[in-house]
$ cat query27.tsv   # TSV, C-alpha atoms and all ligand atoms
chain	number	residue	atom	x	y	z
A	1	MET	CA	0.00	0.00	0.00
A	2	THR	CA	1.40	3.45	-0.86
A	3	VAL	CA	0.91	6.22	1.70
A	4	ARG	CA	-0.29	9.56	0.30
A	5	SER	CA	1.95	12.44	1.39
A	6	PRO	CA	0.89	16.09	1.92
A	7	LEU	CA	2.93	16.87	-1.23
A	8	ASP	CA	0.74	14.44	-3.23
A	9	ASP	CA	-2.38	16.35	-2.14
A	10	VAL	CA	-0.84	19.69	-3.09
A	11	ARG	CA	0.27	18.29	-6.46
A	12	ALA	CA	-3.22	16.88	-7.16
A	13	HIS	CA	-4.76	20.25	-6.26
A	14	TYR	CA	-2.62	22.22	-8.71
A	15	GLU	CA	-2.93	19.56	-11.42
A	16	ALA	CA	-6.71	19.98	-11.25
A	17	LEU	CA	-6.74	23.75	-10.69
A	18	PRO	CA	-3.59	25.52	-11.94
A	19	TYR	CA	-3.24	28.81	-10.13
A	20	PRO	CA	-3.63	31.59	-10.97
A	21	PRO	CA	-5.77	30.80	-14.04
A	22	ARG	CA	-4.07	32.20	-17.17
A	23	ASP	CA	-4.86	32.07	-20.89
A	24	PRO	CA	-1.70	31.94	-23.05
A	25	ARG	CA	-3.54	33.90	-25.79
A	26	ASP	CA	-3.44	36.96	-23.51
A	27	GLU	CA	0.34	37.18	-24.01
A	28	ALA	CA	-0.44	38.90	-27.32
A	29	ILE	CA	-2.00	41.84	-25.52
A	30	ARG	CA	-0.14	42.30	-22.23
A	31	LEU	CA	2.85	41.37	-20.07
A	32	ILE	CA	1.94	40.81	-16.43
A	33	THR	CA	4.51	42.59	-14.26
A	34	GLY	CA	4.55	42.87	-10.50
A	35	THR	CA	6.18	42.37	-7.14
A	36	PRO	CA	8.45	40.63	-6.33
A	37	SER	CA	10.86	39.84	-9.18
A	38	HIS	CA	10.48	42.82	-11.50
A	39	LEU	CA	14.10	43.18	-12.58
A	40	LEU	CA	14.26	46.84	-11.57
A	41	GLU	CA	13.17	45.86	-8.06
A	42	VAL	CA	15.58	42.93	-7.88
A	43	ASN	CA	18.39	45.26	-8.91
A	44	HIS	CA	17.37	47.91	-6.39
A	45	TYR	CA	16.68	45.79	-3.30
A	46	LEU	CA	19.23	43.02	-3.74
A	47	PHE	CA	22.07	44.48	-5.78
A	48	SER	CA	22.05	48.18	-4.79
A	49	GLY	CA	21.28	49.04	-8.42
A	50	ARG	CA	24.65	47.61	-9.54
A	51	LEU	CA	23.45	44.57	-11.49
A	52	ASN	CA	25.26	44.29	-14.80
A	53	PHE	CA	22.70	43.03	-17.30
A	54	MET	CA	25.47	42.32	-19.83
A	55	ARG	CA	26.69	39.49	-17.57
A	56	PRO	CA	24.86	36.13	-17.52
A	57	PHE	CA	22.09	36.12	-14.94
A	58	ARG	CA	20.47	32.94	-13.58
A	59	ALA	CA	17.05	33.05	-11.99
A	60	LEU	CA	15.05	30.22	-10.46
A	61	VAL	CA	11.28	30.43	-10.18
A	62	ALA	CA	10.43	27.83	-7.55
A	63	GLY	CA	6.77	26.81	-7.62
A	64	GLY	CA	6.36	28.78	-10.84
A	65	GLY	CA	2.67	27.91	-11.26
A	66	THR	CA	1.09	29.23	-14.44
A	67	GLY	CA	4.12	31.42	-15.01
A	68	ASP	CA	3.61	35.07	-14.06
A	69	ALA	CA	7.05	35.61	-12.51
A	70	CYS	CA	8.82	33.26	-14.92
A	71	ILE	CA	7.43	35.00	-18.01
A	72	MET	CA	8.07	38.48	-16.57
A	73	ILE	CA	11.72	37.78	-15.71
A	74	ALA	CA	12.44	35.95	-18.99
A	75	GLN	CA	10.85	38.74	-21.05
A	76	GLN	CA	12.63	41.49	-19.12
A	77	MET	CA	15.96	39.69	-19.63
A	78	VAL	CA	15.32	39.48	-23.37
A	79	ASP	CA	14.31	43.16	-23.49
A	80	ARG	CA	17.63	44.09	-21.84
A	81	ARG	CA	19.58	41.61	-23.99
A	82	CYS	CA	20.66	40.01	-20.72
A	83	PRO	CA	22.27	36.60	-21.27
A	84	GLY	CA	21.48	33.72	-18.95
A	85	GLU	CA	18.34	31.78	-18.17
A	86	VAL	CA	15.29	31.36	-16.03
A	87	VAL	CA	14.71	27.91	-14.54
A	88	TYR	CA	11.04	27.12	-13.92
A	89	LEU	CA	10.25	24.43	-11.34
A	90	ASP	CA	6.83	23.21	-10.22
A	91	LEU	CA	5.16	20.04	-8.97
A	92	SER	CA	2.23	20.46	-11.33
A	93	MET	CA	2.55	19.37	-14.94
A	94	SER	CA	-0.64	21.15	-16.00
A	95	SER	CA	0.64	24.45	-14.54
A	96	ARG	CA	3.93	23.95	-16.39
A	97	GLN	CA	2.06	23.39	-19.67
A	98	ILE	CA	0.32	26.76	-19.29
A	99	CYS	CA	3.63	28.50	-18.59
A	100	GLU	CA	5.24	26.72	-21.56
A	101	ALA	CA	2.40	27.88	-23.83
A	102	ARG	CA	2.82	31.46	-22.58
A	103	ALA	CA	6.57	31.32	-23.26
A	104	LYS	CA	5.91	29.94	-26.75
A	105	ALA	CA	3.39	32.70	-27.47
A	106	ARG	CA	6.13	35.24	-26.71
A	107	GLY	CA	8.92	33.38	-28.48
A	108	LEU	CA	10.92	33.16	-25.23
A	109	ARG	CA	13.76	30.66	-25.46
A	110	ASN	CA	15.63	31.49	-22.26
A	111	ILE	CA	13.54	29.28	-19.95
A	112	GLN	CA	14.40	25.77	-18.78
A	113	PHE	CA	11.34	23.86	-17.56
A	114	LEU	CA	11.57	21.31	-14.75
A	115	THR	CA	8.88	19.32	-12.97
A	116	GLY	CA	9.50	18.34	-9.35
A	117	SER	CA	9.60	19.51	-5.76
A	118	LEU	CA	11.73	22.41	-4.60
A	119	LEU	CA	12.57	20.24	-1.58
A	120	ASP	CA	14.73	18.17	-3.93
A	121	LEU	CA	16.77	21.18	-5.13
A	122	PRO	CA	19.90	20.32	-3.10
A	123	ALA	CA	20.19	17.01	-5.01
A	124	MET	CA	19.14	18.26	-8.46
A	125	ALA	CA	22.57	19.49	-9.60
A	126	ILE	CA	21.18	22.43	-11.57
A	127	GLY	CA	23.75	24.94	-10.39
A	128	GLN	CA	23.52	28.13	-8.32
A	129	PHE	CA	21.24	31.10	-8.88
A	130	ASP	CA	21.69	34.87	-8.69
A	131	TYR	CA	18.02	35.29	-7.92
A	132	ILE	CA	15.23	33.01	-6.68
A	133	ASP	CA	11.53	33.84	-6.88
A	134	CYS	CA	9.21	31.85	-4.63
A	135	THR	CA	5.78	33.38	-4.29
A	136	GLY	CA	2.80	31.75	-2.70
A	137	VAL	CA	4.53	28.38	-2.31
A	138	LEU	CA	6.40	27.89	0.97
A	139	HIS	CA	3.23	28.34	3.05
A	140	HIS	CA	1.86	25.21	1.31
A	141	LEU	CA	4.70	22.99	2.53
A	142	PRO	CA	4.36	20.91	5.70
A	143	ASP	CA	7.71	22.39	6.76
A	144	PRO	CA	8.22	25.84	5.14
A	145	THR	CA	11.64	26.25	6.79
A	146	ALA	CA	12.87	23.10	5.05
A	147	GLY	CA	11.64	24.63	1.78
A	148	LEU	CA	13.46	27.92	2.36
A	149	ALA	CA	16.62	26.03	3.35
A	150	ALA	CA	16.42	24.07	0.07
A	151	LEU	CA	16.20	27.36	-1.84
A	152	ALA	CA	19.11	28.85	0.13
A	153	SER	CA	21.21	25.80	-0.78
A	154	VAL	CA	21.18	26.82	-4.47
A	155	LEU	CA	21.63	30.57	-3.95
A	156	GLU	CA	24.88	32.24	-5.04
A	157	PRO	CA	26.77	33.75	-2.08
A	158	ASP	CA	25.84	37.29	-3.22
A	159	GLY	CA	22.43	36.33	-4.62
A	160	GLY	CA	19.01	37.08	-3.23
A	161	LEU	CA	15.44	35.87	-2.98
A	162	GLY	CA	12.02	37.44	-3.54
A	163	VAL	CA	9.34	35.65	-1.53
A	164	MET	CA	5.63	35.97	-0.90
A	165	LEU	CA	4.03	34.36	2.13
A	166	TYR	CA	0.53	34.72	3.51
A	167	GLY	CA	0.12	37.30	6.28
A	168	ASP	CA	-1.54	36.11	9.47
A	169	TYR	CA	-3.59	39.12	10.57
A	170	GLY	CA	-4.85	40.11	7.12
A	171	ARG	CA	-6.20	36.58	6.58
A	172	SER	CA	-8.31	36.65	9.69
A	173	GLY	CA	-11.37	34.49	9.13
A	174	VAL	CA	-9.74	32.18	6.57
A	175	TYR	CA	-8.63	29.43	8.92
A	176	PRO	CA	-11.95	29.00	10.78
A	177	MET	CA	-13.55	28.67	7.31
A	178	GLN	CA	-11.01	26.00	6.31
A	179	GLU	CA	-11.75	24.18	9.55
A	180	MET	CA	-15.51	24.19	8.96
A	181	LEU	CA	-15.01	23.02	5.39
A	182	ARG	CA	-12.88	20.09	6.51
A	183	THR	CA	-16.04	18.93	8.30
A	184	LEU	CA	-18.57	19.87	5.60
A	185	ALA	CA	-16.54	19.10	2.50
A	186	PRO	CA	-13.72	16.66	3.30
A	187	PRO	CA	-11.13	15.75	0.63
A	188	SER	CA	-12.95	12.43	0.08
A	189	MET	CA	-15.78	14.38	-1.61
A	190	ALA	CA	-15.71	15.18	-5.33
A	191	LEU	CA	-14.03	18.48	-6.20
A	192	ASP	CA	-17.20	20.05	-7.62
A	193	ASP	CA	-19.20	19.08	-4.52
A	194	ARG	CA	-16.56	20.59	-2.26
A	195	LEU	CA	-16.63	23.84	-4.22
A	196	ALA	CA	-20.44	23.89	-4.14
A	197	MET	CA	-20.41	23.38	-0.36
A	198	ALA	CA	-17.89	26.19	0.13
A	199	LYS	CA	-20.06	28.57	-1.92
A	200	ARG	CA	-23.09	27.51	0.11
A	201	LEU	CA	-21.32	28.15	3.41
A	202	ILE	CA	-20.21	31.62	2.25
A	203	ARG	CA	-23.78	32.49	1.24
A	204	PHE	CA	-25.17	31.67	4.65
A	205	LEU	CA	-22.49	33.08	6.96
A	206	PRO	CA	-23.79	35.11	9.89
A	207	THR	CA	-22.87	38.81	9.96
A	208	THR	CA	-20.60	38.19	12.95
A	209	ASN	CA	-18.40	35.70	11.08
A	210	LEU	CA	-14.76	36.82	10.84
A	211	PHE	CA	-14.43	35.81	7.17
A	212	ARG	CA	-17.57	37.74	6.28
A	213	ARG	CA	-16.30	40.73	8.26
A	214	ASN	CA	-12.90	40.78	6.56
A	215	PRO	CA	-13.27	43.08	3.53
A	216	TYR	CA	-9.71	42.44	2.33
A	217	LEU	CA	-10.27	38.85	1.23
A	218	ASN	CA	-11.51	38.56	-2.33
A	219	ASP	CA	-9.68	35.66	-4.03
A	220	HIS	CA	-12.89	33.62	-3.86
A	221	VAL	CA	-14.68	36.37	-5.79
A	222	THR	CA	-12.02	37.45	-8.32
A	223	GLY	CA	-10.18	34.13	-8.76
A	224	GLY	CA	-13.05	31.87	-9.82
A	225	ASP	CA	-13.14	28.26	-8.59
A	226	ALA	CA	-9.33	28.07	-8.51
A	227	GLY	CA	-9.26	31.13	-6.23
A	228	LEU	CA	-12.00	29.77	-4.00
A	229	TYR	CA	-10.30	26.39	-3.66
A	230	ASP	CA	-6.92	28.02	-2.99
A	231	LEU	CA	-8.36	30.20	-0.24
A	232	LEU	CA	-10.72	27.88	1.58
A	233	LEU	CA	-10.15	24.26	0.59
A	234	HIS	CA	-6.38	24.03	0.53
A	235	SER	CA	-4.97	20.83	2.03
A	236	CYS	CA	-1.84	22.52	3.41
A	237	ASP	CA	-1.88	26.20	4.18
A	238	ARG	CA	-0.59	28.47	6.91
A	239	ALA	CA	0.10	32.16	7.40
A	240	PHE	CA	3.04	34.07	8.87
A	241	THR	CA	3.65	37.08	11.05
A	242	VAL	CA	6.67	39.31	10.37
A	243	PRO	CA	8.62	37.93	13.39
A	244	GLU	CA	7.96	34.39	12.15
A	245	ILE	CA	9.36	35.34	8.75
A	246	GLY	CA	12.43	36.89	10.38
A	247	ALA	CA	12.99	33.74	12.47
A	248	MET	CA	12.55	31.42	9.49
A	249	ALA	CA	14.98	33.48	7.38
A	250	ALA	CA	17.54	33.49	10.20
A	251	ALA	CA	17.20	29.71	10.61
A	252	CYS	CA	18.22	29.40	6.94
A	253	GLY	CA	21.17	31.80	7.22
A	254	LEU	CA	19.21	34.57	5.47
A	255	ARG	CA	18.30	38.15	6.32
A	256	VAL	CA	15.26	40.10	5.21
A	257	VAL	CA	16.42	43.35	3.56
A	258	ALA	CA	13.04	44.83	2.61
A	259	PHE	CA	9.30	44.27	2.83
A	260	LEU	CA	7.15	45.59	0.01
A	261	GLU	CA	5.76	48.11	-0.37
A	262	PRO	CA	8.11	49.59	2.25
A	263	VAL	CA	5.65	52.28	3.29
A	264	ARG	CA	3.13	49.61	4.34
A	265	TYR	CA	5.71	48.30	6.83
A	266	GLU	CA	6.37	51.68	8.46
A	267	PRO	CA	4.34	52.33	11.62
A	268	ALA	CA	4.36	56.07	10.81
A	269	THR	CA	2.19	55.34	7.76
A	270	TYR	CA	-0.71	54.47	10.03
A	271	MET	CA	0.08	56.55	13.10
A	272	SER	CA	-0.61	60.26	13.42
A	273	ASP	CA	0.50	60.51	17.04
A	274	PRO	CA	4.03	62.03	16.91
A	275	ILE	CA	5.26	60.40	20.13
A	276	ILE	CA	4.38	56.87	19.02
A	277	ALA	CA	5.53	57.54	15.45
A	278	ARG	CA	8.91	58.77	16.68
A	279	GLN	CA	9.41	55.93	19.13
A	280	THR	CA	8.68	53.29	16.51
A	281	SER	CA	10.66	54.91	13.69
A	282	SER	CA	13.94	54.25	15.49
A	283	LEU	CA	13.33	50.49	15.68
A	284	PRO	CA	15.23	48.09	13.38
A	285	LEU	CA	13.52	47.01	10.13
A	286	LEU	CA	11.96	43.77	11.39
A	287	GLU	CA	10.61	45.34	14.56
A	288	ARG	CA	9.16	48.30	12.65
A	289	ALA	CA	7.55	45.93	10.16
A	290	ALA	CA	6.18	43.73	12.97
A	291	PHE	CA	4.70	46.79	14.65
A	292	ALA	CA	3.22	48.01	11.36
A	293	GLU	CA	1.48	44.71	10.62
A	294	CYS	CA	-0.11	44.70	14.08
A	295	LEU	CA	-1.18	48.30	13.60
A	296	ALA	CA	-2.52	48.00	10.06
A	297	GLY	CA	-4.20	44.63	10.53
A	298	ASN	CA	-4.93	44.21	6.82
A	299	LEU	CA	-1.67	42.78	5.39
A	300	ARG	CA	-2.93	39.60	3.72
A	301	SER	CA	0.44	38.67	2.32
A	302	HIS	CA	4.05	39.58	2.93
A	303	VAL	CA	6.41	40.16	0.01
A	304	PHE	CA	10.05	40.42	1.00
A	305	TYR	CA	13.56	40.32	-0.40
A	306	ALA	CA	16.28	38.43	1.45
A	307	THR	CA	20.00	37.82	1.09
A	308	ARG	CA	22.53	35.76	2.96
A	309	ALA	CA	22.71	36.94	6.55
A	310	GLY	CA	26.29	38.19	6.39
A	311	PHE	CA	25.96	39.86	3.01
A	312	ASP	CA	25.16	43.57	2.97
A	313	THR	CA	23.72	44.57	-0.40
A	314	VAL	CA	21.56	47.54	0.35
A	315	ALA	CA	22.97	50.99	0.94
A	316	ARG	CA	20.90	52.00	3.94
A	317	PRO	CA	21.18	55.10	6.09
A	318	GLY	CA	22.97	53.16	8.81
A	319	LEU	CA	23.01	56.11	11.23
A	320	ALA	CA	19.25	56.65	11.11
A	321	PRO	CA	18.32	55.00	14.44
A	322	ARG	CA	21.14	56.84	16.26
A	323	ILE	CA	20.23	60.19	14.70
A	324	ILE	CA	16.55	59.74	15.58
A	325	ALA	CA	17.43	58.98	19.19
A	326	GLN	CA	19.17	62.37	19.37
A	327	ILE	CA	16.36	64.46	17.91
A	328	ASP	CA	14.79	66.20	20.89
A	329	GLY	CA	13.44	69.42	19.41
A	330	ARG	CA	16.34	71.41	20.88
A	331	LYS	CA	19.65	70.18	19.45
A	332	THR	CA	20.96	71.63	16.20
A	333	VAL	CA	22.12	69.28	13.46
A	334	ALA	CA	25.74	70.10	14.38
A	335	GLU	CA	25.05	69.30	18.04
A	336	ILE	CA	23.50	65.96	17.05
A	337	TYR	CA	26.69	65.23	15.12
A	338	THR	CA	28.82	66.12	18.15
A	339	SER	CA	26.68	63.99	20.49
A	340	LEU	CA	27.00	61.00	18.20
A	341	GLY	CA	30.75	61.54	18.03
A	342	ALA	CA	30.90	61.46	21.82
A	343	GLN	CA	29.22	58.02	21.71
A	344	GLY	CA	31.84	56.43	19.48
A	345	SER	CA	33.03	56.20	15.89
A	346	LEU	CA	31.35	58.55	13.43
A	347	PRO	CA	31.81	59.15	9.69
A	348	GLN	CA	32.94	62.43	8.19
A	349	TRP	CA	30.52	65.38	8.49
A	350	GLU	CA	29.66	65.15	4.75
A	351	ASP	CA	28.64	61.50	5.08
A	352	PHE	CA	26.72	62.16	8.30
A	353	TYR	CA	24.95	65.12	6.70
A	354	ALA	CA	23.99	63.05	3.62
A	355	GLN	CA	22.42	60.44	5.92
A	356	PHE	CA	20.67	63.13	7.94
A	357	GLU	CA	19.26	64.62	4.74
A	358	ASP	CA	18.04	61.22	3.57
A	359	LEU	CA	16.31	60.69	6.91
A	360	TYR	CA	14.85	64.19	6.87
A	361	VAL	CA	13.30	63.66	3.42
A	362	LYS	CA	11.64	60.42	4.58
A	363	LEU	CA	10.37	61.63	7.96
A	364	ASN	CA	9.35	65.05	6.68
A	365	GLY	CA	7.53	63.25	3.87
A	366	VAL	CA	5.17	61.83	6.48
A	367	ASN	CA	5.17	65.09	8.47
A	368	HIS	CA	7.19	63.75	11.40
A	369	LEU	CA	10.32	65.87	11.22
A	370	LEU	CA	10.12	69.67	11.06
A	371	LEU	CA	13.12	72.00	11.10
A	372	ARG	CA	13.51	75.38	12.74
A	373	PHE	CA	16.47	77.72	13.19
A	374	ARG	CA	17.57	78.09	16.78
A	375	THR	CA	17.80	81.74	17.71
A	401	LIG	C1	-0.47	29.36	-5.37
A	401	LIG	S1	0.48	28.71	-6.68
A	401	LIG	C2	1.57	30.09	-6.96
A	401	LIG	C3	2.19	30.05	-8.33
A	401	LIG	C4	3.14	31.18	-8.65
A	401	LIG	N1	4.31	31.17	-7.80
A	401	LIG	C5	2.46	32.53	-8.58
A	401	LIG	O1	2.70	33.26	-7.61
A	401	LIG	O2	1.70	32.86	-9.47
A	401	LIG	C6	1.52	27.56	-5.83
A	401	LIG	C7	2.36	26.72	-6.79
A	401	LIG	O3	3.39	26.08	-6.03
A	401	LIG	C8	3.54	24.77	-6.53
A	401	LIG	N2	4.16	23.98	-5.45
A	401	LIG	C9	3.65	23.68	-4.23
A	401	LIG	N3	4.52	22.96	-3.51
A	401	LIG	C10	5.62	22.81	-4.29
A	401	LIG	C11	6.87	22.15	-4.12
A	401	LIG	N4	7.17	21.50	-2.99
A	401	LIG	N5	7.76	22.19	-5.13
A	401	LIG	C12	7.48	22.84	-6.29
A	401	LIG	N6	6.31	23.46	-6.52
A	401	LIG	C13	5.38	23.46	-5.53
A	401	LIG	C14	2.13	24.35	-6.88
A	401	LIG	O4	2.12	23.25	-7.77
A	401	LIG	C15	1.58	25.64	-7.48
A	401	LIG	O5	1.76	25.71	-8.87
$ encode --input "query27.tsv" --output "structure tokens"
Amino acid sequence: MTVRSPLDDVRAHYEALPYPPRDPRDEAIRLITGTPSHLLEVNHYLFSGRLNFMRPFRALVAGGGTGDACIMIAQQMVDRRCPGEVVYLDLSMSSRQICEARAKARGLRNIQFLTGSLLDLPAMAIGQFDYIDCTGVLHHLPDPTAGLAALASVLEPDGGLGVMLYGDYGRSGVYPMQEMLRTLAPPSMALDDRLAMAKRLIRFLPTTNLFRRNPYLNDHVTGGDAGLYDLLLHSCDRAFTVPEIGAMAAACGLRVVAFLEPVRYEPATYMSDPIIARQTSSLPLLERAAFAECLAGNLRSHVFYATRAGFDTVARPGLAPRIIAQIDGRKTVAEIYTSLGAQGSLPQWEDFYAQFEDLYVKLNGVNHLLLRFRT
């Protein structure tokens, strides 16, 4: 007797309902672009804008589905005459066929198609990658950390990843629905009957139900049956908070360098009180982002870029937290510089001032830093 694994259920799901639904004929009228993995974004967040598109670039799209990221990256490489290739990998053969048809419609020849599990990457001998896209996939693995570790094992030392994972708070209401549907429409039922039962349950939800009260969930409306199944009938599905993402990345030797869009992960975006905004703006990236997701409450998914933990790719205003701690409404900019100097090593005035200016533009942009001359 063969035992059915959670991976078998996920494969069967995406064989029956490739996600998201795409029609290869639409390639004639539009290119779907987006976050993560747009090459301009990859260059900005992971390579400090220094990517040389004349040099061969290797990208892996792990769990490529019907091909949005794969087609976007491959097309953008062709448009820039960038040599190299995109490797597409997915469990589902029917999803791969849709992506292959989309690539054919565009005449793209820089994609290598593979069918299999990303968990097997360490043993696949397909080389290392400058960039890895993995969106909407790891949260469907029984052990997402093992999945991320498998991706990290094929990442170049200076490469980076773009990942999308479900967000816990923004999906409030989803998991009680999944639980009810495991009772009403178990996997032993026919697919169409399960979908019909899910639609029935949605129609008759009481007004107090969390899913009904969450206005940010719409995959079941906009995504057709595939969207409905993905949202409410998935066999393996979990969501993450920002601290959980940080911990998982760290466990794989990775570091999150940005969440997108960055402004959605800044507490000041949602907070008009200057005291709270100031206190939170001096926190490190992960803590600010964790605070922002608690505050906003509507982040349904988290898109982030990550690199190897010890590798610093992004030119950030490193002095920002220390400068903010010194802003007290009384000190001049020069006095802030002197105070920082008294605390330890400090760059030249010009460098400090450039970082101060950068910080000023950002904080003033959300009305949280105002200058005055001291008389
Ligand atoms: C929700 S779809 C997302 C597809 C695509 N990444 C996107 O964002 O449009 C999830 C995809 O991950 C694939 N998948 C799930 N587990 C996988 C695994 N262990 N290895 C490779 N692919 C996997 C599924 O077959 C499915 O096509």
$ residues_near_ligand --input "query27.tsv" --ligand "ligand LIG 401 (chain A)" --cutoff "8 Å" --atoms "all atoms listed in the file" --output "JSON, numbers by chain"
{"A": [7, 10, 11, 13, 14, 15, 18, 19, 20, 61, 62, 63, 64, 65, 66, 67, 68, 69, 89, 90, 91, 92, 95, 115, 116, 117, 118, 119, 133, 134, 135, 136, 137, 138, 140, 141, 147, 164, 230]}
$ closest_atom_pairs --input "query27.tsv" --of "stretch 214-293 of chain A" --to "stretch 195-203 of chain A" --cutoff "10 Å" --atoms "all atoms listed in the file" --output "CSV"
residue,atom,partner,partner_atom,distance
A:His220,CA,A:Lys199,CA,9.0
A:Asp225,CA,A:Leu195,CA,7.1
A:Ala226,CA,A:Leu195,CA,9.5
A:Leu228,CA,A:Leu195,CA,7.5
A:Tyr229,CA,A:Leu195,CA,6.8
A:Leu232,CA,A:Ala198,CA,7.5
A:Leu233,CA,A:Ala198,CA,8.0
$ atom_distance --input "query27.tsv" --atom1 "atom CA of A:Leu210" --atom2 "atom CA of A:Gly173"
4.5 Å
$ atom_distance --input "query27.tsv" --atom1 "atom CA of A:Ile327" --atom2 "atom CA of A:Arg372"
12.4 Å
$ closest_residue --input "query27.tsv" --among "A:Val78, A:Leu181, A:Met124, A:Val242" --to "A:Phe53" --atoms "all atoms listed in the file"
A:Val78
$ atom_distance --input "query27.tsv" --atom1 "atom CA of A:Glu287" --atom2 "atom CA of A:Thr145"
20.6 Å
$ residues_around --input "query27.tsv" --residues "A:Lys331" --least-positions-apart "3" --cutoff "12 Å" --atoms "only C-alpha atoms" --output "PDB file with C-alpha atoms, in the frame of the given file"
ATOM      1  CA  ILE A 323      20.230  60.190  14.700  1.00  0.00           C
ATOM      2  CA  ILE A 324      16.550  59.740  15.580  1.00  0.00           C
ATOM      3  CA  ALA A 325      17.430  58.980  19.190  1.00  0.00           C
ATOM      4  CA  GLN A 326      19.170  62.370  19.370  1.00  0.00           C
ATOM      5  CA  ILE A 327      16.360  64.460  17.910  1.00  0.00           C
ATOM      6  CA  ASP A 328      14.790  66.200  20.890  1.00  0.00           C
ATOM      7  CA  ALA A 334      25.740  70.100  14.380  1.00  0.00           C
ATOM      8  CA  GLU A 335      25.050  69.300  18.040  1.00  0.00           C
ATOM      9  CA  ILE A 336      23.500  65.960  17.050  1.00  0.00           C
ATOM     10  CA  TYR A 337      26.690  65.230  15.120  1.00  0.00           C
ATOM     11  CA  THR A 338      28.820  66.120  18.150  1.00  0.00           C
ATOM     12  CA  SER A 339      26.680  63.990  20.490  1.00  0.00           C
ATOM     13  CA  LEU A 340      27.000  61.000  18.200  1.00  0.00           C
ATOM     14  CA  LEU A 371      13.120  72.000  11.100  1.00  0.00           C
ATOM     15  CA  ARG A 372      13.510  75.380  12.740  1.00  0.00           C
ATOM     16  CA  PHE A 373      16.470  77.720  13.190  1.00  0.00           C
ATOM     17  CA  ARG A 374      17.570  78.090  16.780  1.00  0.00           C
ATOM     18  CA  THR A 375      17.800  81.740  17.710  1.00  0.00           C
TER      19      THR A 375
END
$ residues_around --input "query27.tsv" --residues "A:Gln112" --least-positions-apart "4" --cutoff "7 Å" --atoms "all atoms listed in the file" --output "JSON, numbers by chain"
{"A": [86, 87, 88]}
$ write_last_selection --input "query27.tsv" --atoms "C-alpha atoms" --output "mmCIF file, keeping the file's coordinate frame"
data_model
loop_
_atom_site.group_PDB
_atom_site.id
_atom_site.type_symbol
_atom_site.label_atom_id
_atom_site.label_comp_id
_atom_site.auth_asym_id
_atom_site.auth_seq_id
_atom_site.Cartn_x
_atom_site.Cartn_y
_atom_site.Cartn_z
ATOM 1 C CA VAL A 86 15.290 31.360 -16.030
ATOM 2 C CA VAL A 87 14.710 27.910 -14.540
ATOM 3 C CA TYR A 88 11.040 27.120 -13.920
#
$ residues_around --input "query27.tsv" --residues "A:Glu244" --least-positions-apart "4" --cutoff "12 Å" --atoms "all atoms listed in the file" --output "PDB file with C-alpha atoms, in the frame of the given file"
ATOM      1  CA  HIS A 139       3.230  28.340   3.050  1.00  0.00           C
ATOM      2  CA  PRO A 144       8.220  25.840   5.140  1.00  0.00           C
ATOM      3  CA  THR A 145      11.640  26.250   6.790  1.00  0.00           C
ATOM      4  CA  LEU A 165       4.030  34.360   2.130  1.00  0.00           C
ATOM      5  CA  TYR A 166       0.530  34.720   3.510  1.00  0.00           C
ATOM      6  CA  GLY A 167       0.120  37.300   6.280  1.00  0.00           C
ATOM      7  CA  ASP A 168      -1.540  36.110   9.470  1.00  0.00           C
ATOM      8  CA  ARG A 238      -0.590  28.470   6.910  1.00  0.00           C
ATOM      9  CA  ALA A 239       0.100  32.160   7.400  1.00  0.00           C
ATOM     10  CA  PHE A 240       3.040  34.070   8.870  1.00  0.00           C
ATOM     11  CA  MET A 248      12.550  31.420   9.490  1.00  0.00           C
ATOM     12  CA  ALA A 249      14.980  33.480   7.380  1.00  0.00           C
ATOM     13  CA  ALA A 250      17.540  33.490  10.200  1.00  0.00           C
ATOM     14  CA  ALA A 251      17.200  29.710  10.610  1.00  0.00           C
ATOM     15  CA  VAL A 256      15.260  40.100   5.210  1.00  0.00           C
ATOM     16  CA  LEU A 286      11.960  43.770  11.390  1.00  0.00           C
ATOM     17  CA  GLU A 287      10.610  45.340  14.560  1.00  0.00           C
ATOM     18  CA  ALA A 289       7.550  45.930  10.160  1.00  0.00           C
ATOM     19  CA  ALA A 290       6.180  43.730  12.970  1.00  0.00           C
ATOM     20  CA  HIS A 302       4.050  39.580   2.930  1.00  0.00           C
TER      21      HIS A 302
END
$ closest_residue --input "query27.tsv" --among "A:Arg96, A:Ile111, A:Leu363, A:Phe211" --to "A:Ala268" --atoms "only C-alpha atoms"
A:Leu363
$ axis_aligned_box --input "query27.tsv" --around "stretch 121-124 of chain A" --padding-each-side "6 Å" --output "JSON"
{"center_x": 18.5, "center_y": 19.1, "center_z": -5.8, "size_x": 15.4, "size_y": 16.2, "size_z": 17.4}
$ closest_residue --input "query27.tsv" --among "A:Ile245, A:Ala125, A:Ala103, A:Ala28" --to "A:Ser153" --atoms "only C-alpha atoms"
A:Ala125
$ residues_near_point --input "query27.tsv" --point "(22.5, 29.3, 0.3)" --cutoff "12 Å" --atoms "all atoms listed in the file" --output "PyMOL selection string"
chain A and resi 121-122+127-132+147-161+249-255+306-311
